[in-house]
>>> print(open('target.cif').read())   # mmCIF, C-alpha atoms
data_coords
#
loop_
_atom_site.group_PDB
_atom_site.id
_atom_site.type_symbol
_atom_site.label_atom_id
_atom_site.label_comp_id
_atom_site.auth_asym_id
_atom_site.auth_seq_id
_atom_site.Cartn_x
_atom_site.Cartn_y
_atom_site.Cartn_z
ATOM 1 C CA MET A 1 100.166 98.192 103.849
ATOM 2 C CA ASN A 2 99.633 96.983 100.321
ATOM 3 C CA LEU A 3 97.876 98.709 97.447
ATOM 4 C CA SER A 4 94.568 96.929 98.062
ATOM 5 C CA ASP A 5 94.575 98.226 101.640
ATOM 6 C CA ALA A 6 95.036 101.776 100.386
ATOM 7 C CA PHE A 7 92.034 101.456 98.092
ATOM 8 C CA ALA A 8 89.852 99.505 100.488
ATOM 9 C CA LYS A 9 90.441 101.898 103.384
ATOM 10 C CA PRO A 10 91.279 105.362 101.980
ATOM 11 C CA THR A 11 91.220 106.941 105.433
ATOM 12 C CA ASP A 12 94.058 104.605 106.513
ATOM 13 C CA LEU A 13 96.356 105.973 103.791
ATOM 14 C CA ARG A 14 97.017 109.141 105.792
ATOM 15 C CA SER A 15 98.312 107.136 108.776
ATOM 16 C CA THR A 16 100.771 105.348 106.497
ATOM 17 C CA LEU A 17 102.029 108.646 105.102
ATOM 18 C CA ARG A 18 102.398 110.573 108.371
ATOM 19 C CA PRO A 19 105.325 113.030 108.488
ATOM 20 C CA PRO A 20 108.731 111.521 109.271
ATOM 21 C CA ASP A 21 110.016 110.954 112.791
ATOM 22 C CA SER A 22 112.502 108.069 112.537
ATOM 23 C CA ARG A 23 113.146 105.641 109.716
ATOM 24 C CA ALA A 24 115.451 102.807 108.834
ATOM 25 C CA VAL A 25 117.996 103.092 106.064
ATOM 26 C CA GLY A 26 116.384 102.122 102.766
ATOM 27 C CA ALA A 27 112.898 102.359 104.202
ATOM 28 C CA ALA A 28 110.241 104.566 102.667
ATOM 29 C CA GLU A 29 110.180 108.088 104.020
ATOM 30 C CA PRO A 30 106.813 108.651 105.716
ATOM 31 C CA GLY A 31 104.898 111.530 104.207
ATOM 32 C CA PHE A 32 106.939 111.531 100.976
ATOM 33 C CA ILE A 33 104.956 111.235 97.730
ATOM 34 C CA LEU A 34 106.422 110.962 94.235
ATOM 35 C CA LEU A 35 103.976 112.525 91.772
ATOM 36 C CA VAL A 36 104.442 111.477 88.134
ATOM 37 C CA GLU A 37 102.249 113.674 85.922
ATOM 38 C CA ASP A 38 103.058 115.390 82.623
ATOM 39 C CA ASP A 39 100.293 117.998 82.742
ATOM 40 C CA PHE A 40 101.916 121.094 84.254
ATOM 41 C CA MET A 41 98.723 122.541 85.736
ATOM 42 C CA LEU A 42 97.498 119.284 87.267
ATOM 43 C CA ARG A 43 100.968 118.449 88.602
ATOM 44 C CA GLY A 44 101.279 121.862 90.243
ATOM 45 C CA SER A 45 97.761 121.755 91.672
ATOM 46 C CA LEU A 46 98.142 118.273 93.146
ATOM 47 C CA ALA A 47 101.547 119.126 94.623
ATOM 48 C CA THR A 48 100.144 122.293 96.209
ATOM 49 C CA VAL A 49 97.143 120.528 97.745
ATOM 50 C CA LEU A 50 99.213 117.617 99.056
ATOM 51 C CA GLY A 51 101.864 119.986 100.382
ATOM 52 C CA ALA A 52 99.202 121.987 102.217
ATOM 53 C CA GLU A 53 98.099 118.715 103.854
ATOM 54 C CA GLY A 54 101.614 118.208 105.223
ATOM 55 C CA TYR A 55 103.058 115.797 102.668
ATOM 56 C CA ARG A 56 106.449 116.269 101.030
ATOM 57 C CA VAL A 57 105.926 115.986 97.281
ATOM 58 C CA GLU A 58 108.503 115.603 94.537
ATOM 59 C CA CYS A 59 107.278 115.822 90.960
ATOM 60 C CA GLU A 60 108.457 114.282 87.727
ATOM 61 C CA ALA A 61 106.938 115.042 84.325
ATOM 62 C CA ASN A 62 107.626 111.635 82.777
ATOM 63 C CA ALA A 63 108.219 108.018 83.754
ATOM 64 C CA LEU A 64 111.894 107.960 82.734
ATOM 65 C CA ASP A 65 112.702 110.837 85.086
ATOM 66 C CA ALA A 66 110.643 109.134 87.800
ATOM 67 C CA LEU A 67 112.691 105.935 87.435
ATOM 68 C CA ARG A 68 115.883 107.991 87.684
ATOM 69 C CA ARG A 69 114.530 109.673 90.826
ATOM 70 C CA LEU A 70 113.809 106.292 92.416
ATOM 71 C CA GLU A 71 117.491 105.355 92.055
ATOM 72 C CA ARG A 72 118.432 107.651 94.961
ATOM 73 C CA PRO A 73 117.186 108.022 98.520
ATOM 74 C CA PRO A 74 114.886 108.767 100.093
ATOM 75 C CA LYS A 75 112.353 106.219 98.950
ATOM 76 C CA PRO A 76 108.803 107.586 98.637
ATOM 77 C CA SER A 77 106.004 106.015 100.654
ATOM 78 C CA LEU A 78 103.571 106.475 97.743
ATOM 79 C CA ILE A 79 103.668 107.054 93.983
ATOM 80 C CA LEU A 80 100.848 108.975 92.291
ATOM 81 C CA LEU A 81 101.129 107.909 88.659
ATOM 82 C CA ASP A 82 99.545 109.195 85.467
ATOM 83 C CA ILE A 83 99.022 106.590 82.742
ATOM 84 C CA MET A 84 99.404 108.758 79.642
ATOM 85 C CA LEU A 85 102.990 110.018 79.823
ATOM 86 C CA PRO A 86 105.631 110.891 77.225
ATOM 87 C CA TYR A 87 108.526 108.477 76.433
ATOM 88 C CA MET A 88 107.152 105.652 78.599
ATOM 89 C CA ASP A 89 103.563 105.282 79.757
ATOM 90 C CA GLY A 90 102.530 104.690 83.346
ATOM 91 C CA LEU A 91 101.757 101.020 82.735
ATOM 92 C CA GLU A 92 105.309 100.383 81.527
ATOM 93 C CA PHE A 93 106.627 102.326 84.518
ATOM 94 C CA ARG A 94 104.534 100.229 86.914
ATOM 95 C CA ALA A 95 105.723 96.971 85.337
ATOM 96 C CA LEU A 96 109.370 98.037 85.736
ATOM 97 C CA GLN A 97 108.822 99.335 89.276
ATOM 98 C CA ARG A 98 107.245 96.024 90.344
ATOM 99 C CA ASN A 99 110.315 94.156 89.090
ATOM 100 C CA MET A 100 112.773 96.334 91.040
ATOM 101 C CA ARG A 101 113.363 94.514 94.320
ATOM 102 C CA ASP A 102 113.903 97.628 96.460
ATOM 103 C CA LEU A 103 110.997 99.550 94.924
ATOM 104 C CA ALA A 104 108.307 96.943 94.295
ATOM 105 C CA ASP A 105 106.692 97.522 97.687
ATOM 106 C CA ILE A 106 105.905 101.208 97.083
ATOM 107 C CA PRO A 107 102.125 101.579 96.747
ATOM 108 C CA VAL A 108 100.910 103.219 93.542
ATOM 109 C CA ILE A 109 97.744 105.199 92.953
ATOM 110 C CA VAL A 110 97.001 105.686 89.272
ATOM 111 C CA ILE A 111 95.661 108.969 87.922
ATOM 112 C CA THR A 112 93.972 108.516 84.558
ATOM 113 C CA ALA A 113 91.204 109.910 82.433
ATOM 114 C CA VAL A 114 91.248 106.964 80.023
ATOM 115 C CA GLY A 115 90.714 103.993 82.326
ATOM 116 C CA ILE A 116 92.517 100.682 82.453
ATOM 117 C CA ARG A 117 91.242 97.306 81.272
ATOM 118 C CA PRO A 118 90.633 95.055 84.300
ATOM 119 C CA GLU A 119 93.033 92.331 83.121
ATOM 120 C CA ILE A 120 95.862 94.857 82.720
ATOM 121 C CA ALA A 121 95.152 96.359 86.123
ATOM 122 C CA ALA A 122 95.245 92.882 87.659
ATOM 123 C CA ASP A 123 98.567 92.050 85.955
ATOM 124 C CA LEU A 124 100.099 95.235 87.394
ATOM 125 C CA ASP A 125 98.638 94.768 90.869
ATOM 126 C CA LEU A 126 96.439 97.846 90.473
ATOM 127 C CA VAL A 127 93.541 96.538 92.449
ATOM 128 C CA GLN A 128 90.788 99.089 92.058
ATOM 129 C CA ALA A 129 90.078 101.981 89.734
ATOM 130 C CA PHE A 130 87.948 105.014 90.470
#
>>> encode(input="target.cif", output="structure tokens")
Amino acid sequence: MNLSDAFAKPTDLRSTLRPPDSRAVGAAEPGFILLVEDDFMLRGSLATVLGAEGYRVECEANALDALRRLERPPKPSLILLDIMLPYMDGLEFRALQRNMRDLADIPVIVITAVGIRPEIAADLDLVQAF
């Protein structure tokens, strides 16, 4: 599944993220979401809701910590990414993530209140904004 599939068919996202049963070494762990959000209340609320739906959620408050987290297994099957983050914004994070061979295939859903210019979204393979 690629990012455009996730946006085009939101109901299919759940099937991609089903809880783990068996997985190959280096493969994304089904049901594992990395949430990158600096707002404490929003981060906690999203993690609680996703956890109640059966997903395993790890949270990072900034993009630098998220990059460090991605250096070790398991690999998440989805990244929920805020754009406005301290130290490094979400757009910079996405550009780096796309250039990391082992991590480029992780789908990303962007969380933002400010919006993204269409040409920037296209450059970062962020296909659709809500």
>>> resolve_selection(input="target.cif", expression="the PyMOL selection byres ((chain A and resi 29) around 8)", output="PyMOL selection string")
chain A and resi 20+23+27-28+30-32+74-77
>>> atom_distance(input="target.cif", atom1="CA of Leu67 (chain A)", atom2="CA of Pro118 (chain A)")
24.8 Å
>>> atom_distance(input="target.cif", atom1="CA of Ala104 (chain A)", atom2="CA of Met41 (chain A)")
28.6 Å
>>> closest_residue(input="target.cif", among="A:Leu78, A:Leu96, A:Ile111, A:Phe40", to="Val57 (chain A)", atoms="only C-alpha atoms")
A:Leu78
>>> atom_distance(input="target.cif", atom1="CA of Glu60 (chain A)", atom2="CA of Asp38 (chain A)")
7.5 Å
>>> closest_residue(input="target.cif", among="A:Ile79, A:Ala122, A:Ile33, A:Leu85", to="Asp105 (chain A)", atoms="all atoms listed in the file")
A:Ile79
>>> resolve_selection(input="target.cif", expression="the PyMOL selection byres ((chain A and resi 64) around 12)", output="PyMOL selection string")
chain A and resi 36-38+60-63+65-71+85-90+92-94+96-97
>>> residues_near_point(input="target.cif", point="(106.1, 117.3, 93.9)", cutoff="8 Å", atoms="all atoms listed in the file", output="NGL selection string")
:A and (33-35 or 43-44 or 47 or 56-60)
>>> closest_residue(input="target.cif", among="A:Gly51, A:Asn99, A:Val110, A:Ile120", to="Leu80 (chain A)", atoms="only C-alpha atoms")
A:Val110
>>> closest_residue(input="target.cif", among="A:Leu124, A:Met84, A:Leu42, A:Ala52", to="Pro107 (chain A)", atoms="all atoms listed in the file")
A:Leu124
>>> decode(input="target.cif", residues="region 79-103 of chain A", atoms="N, CA, C and O atoms", output="short mmCIF file (atom, residue, chain, number, x, y, z; two decimals), in the first residue's frame")
data_model
loop_
_atom_site.label_atom_id
_atom_site.label_comp_id
_atom_site.auth_asym_id
_atom_site.auth_seq_id
_atom_site.Cartn_x
_atom_site.Cartn_y
_atom_site.Cartn_z
N ILE A 79 3.28 6.39 10.05
CA ILE A 79 3.74 7.54 10.83
C ILE A 79 2.66 8.60 10.76
O ILE A 79 2.24 8.99 9.68
N LEU A 80 2.18 9.04 11.92
CA LEU A 80 1.30 10.21 12.01
C LEU A 80 2.21 11.37 12.37
O LEU A 80 2.87 11.35 13.42
N LEU A 81 2.26 12.39 11.53
CA LEU A 81 3.28 13.43 11.62
C LEU A 81 2.69 14.82 11.67
O LEU A 81 1.97 15.23 10.76
N ASP A 82 3.03 15.56 12.72
CA ASP A 82 2.68 16.98 12.80
C ASP A 82 3.67 17.74 11.91
O ASP A 82 4.80 17.29 11.69
N ILE A 83 3.26 18.88 11.41
CA ILE A 83 4.15 19.70 10.58
C ILE A 83 4.94 20.69 11.44
O ILE A 83 6.14 20.84 11.29
N MET A 84 4.26 21.36 12.36
CA MET A 84 4.92 22.36 13.19
C MET A 84 5.50 21.69 14.43
O MET A 84 4.78 21.43 15.39
N LEU A 85 6.81 21.43 14.37
CA LEU A 85 7.51 20.74 15.45
C LEU A 85 8.76 21.53 15.83
O LEU A 85 9.32 22.24 15.00
N PRO A 86 9.22 21.37 17.07
CA PRO A 86 10.47 22.04 17.46
C PRO A 86 11.69 21.34 16.84
O PRO A 86 11.63 20.16 16.50
N TYR A 87 12.78 22.07 16.69
CA TYR A 87 14.08 21.61 16.19
C TYR A 87 14.09 21.33 14.69
O TYR A 87 14.98 21.76 13.99
N MET A 88 13.13 20.56 14.21
CA MET A 88 13.04 20.20 12.80
C MET A 88 11.55 20.05 12.50
O MET A 88 10.86 19.34 13.22
N ASP A 89 11.07 20.72 11.45
CA ASP A 89 9.64 20.60 11.18
C ASP A 89 9.31 19.28 10.48
O ASP A 89 10.19 18.54 10.05
N GLY A 90 8.04 18.99 10.38
CA GLY A 90 7.59 17.74 9.79
C GLY A 90 7.94 17.59 8.33
O GLY A 90 8.15 16.48 7.84
N LEU A 91 8.03 18.71 7.61
CA LEU A 91 8.40 18.64 6.19
C LEU A 91 9.85 18.21 6.03
O LEU A 91 10.18 17.40 5.16
N GLU A 92 10.73 18.74 6.88
CA GLU A 92 12.13 18.31 6.86
C GLU A 92 12.25 16.83 7.23
O GLU A 92 13.01 16.09 6.62
N PHE A 93 11.49 16.43 8.25
CA PHE A 93 11.48 15.03 8.66
C PHE A 93 11.07 14.14 7.49
O PHE A 93 11.71 13.14 7.19
N ARG A 94 9.99 14.50 6.81
CA ARG A 94 9.48 13.70 5.70
C ARG A 94 10.51 13.61 4.58
O ARG A 94 10.71 12.53 4.00
N ALA A 95 11.18 14.71 4.27
CA ALA A 95 12.21 14.68 3.23
C ALA A 95 13.34 13.72 3.60
O ALA A 95 13.79 12.94 2.76
N LEU A 96 13.78 13.75 4.84
CA LEU A 96 14.83 12.83 5.30
C LEU A 96 14.34 11.39 5.28
O LEU A 96 15.06 10.49 4.82
N GLN A 97 13.14 11.17 5.78
CA GLN A 97 12.58 9.81 5.84
C GLN A 97 12.48 9.21 4.44
O GLN A 97 12.78 8.04 4.24
N ARG A 98 12.08 10.00 3.46
CA ARG A 98 11.94 9.50 2.09
C ARG A 98 13.28 9.13 1.47
O ARG A 98 13.34 8.34 0.54
N ASN A 99 14.36 9.71 1.99
CA ASN A 99 15.70 9.41 1.46
C ASN A 99 16.41 8.30 2.22
O ASN A 99 17.55 7.97 1.88
N MET A 100 15.76 7.73 3.21
CA MET A 100 16.33 6.62 3.98
C MET A 100 15.78 5.32 3.40
O MET A 100 14.59 5.03 3.54
N ARG A 101 16.63 4.57 2.74
CA ARG A 101 16.22 3.40 1.98
C ARG A 101 15.29 2.47 2.76
O ARG A 101 14.26 2.04 2.24
N ASP A 102 15.62 2.15 3.99
CA ASP A 102 14.82 1.20 4.76
C ASP A 102 13.53 1.79 5.33
O ASP A 102 12.68 1.05 5.84
N LEU A 103 13.39 3.11 5.27
CA LEU A 103 12.24 3.76 5.90
C LEU A 103 11.35 4.51 4.92
O LEU A 103 10.26 4.96 5.29
#
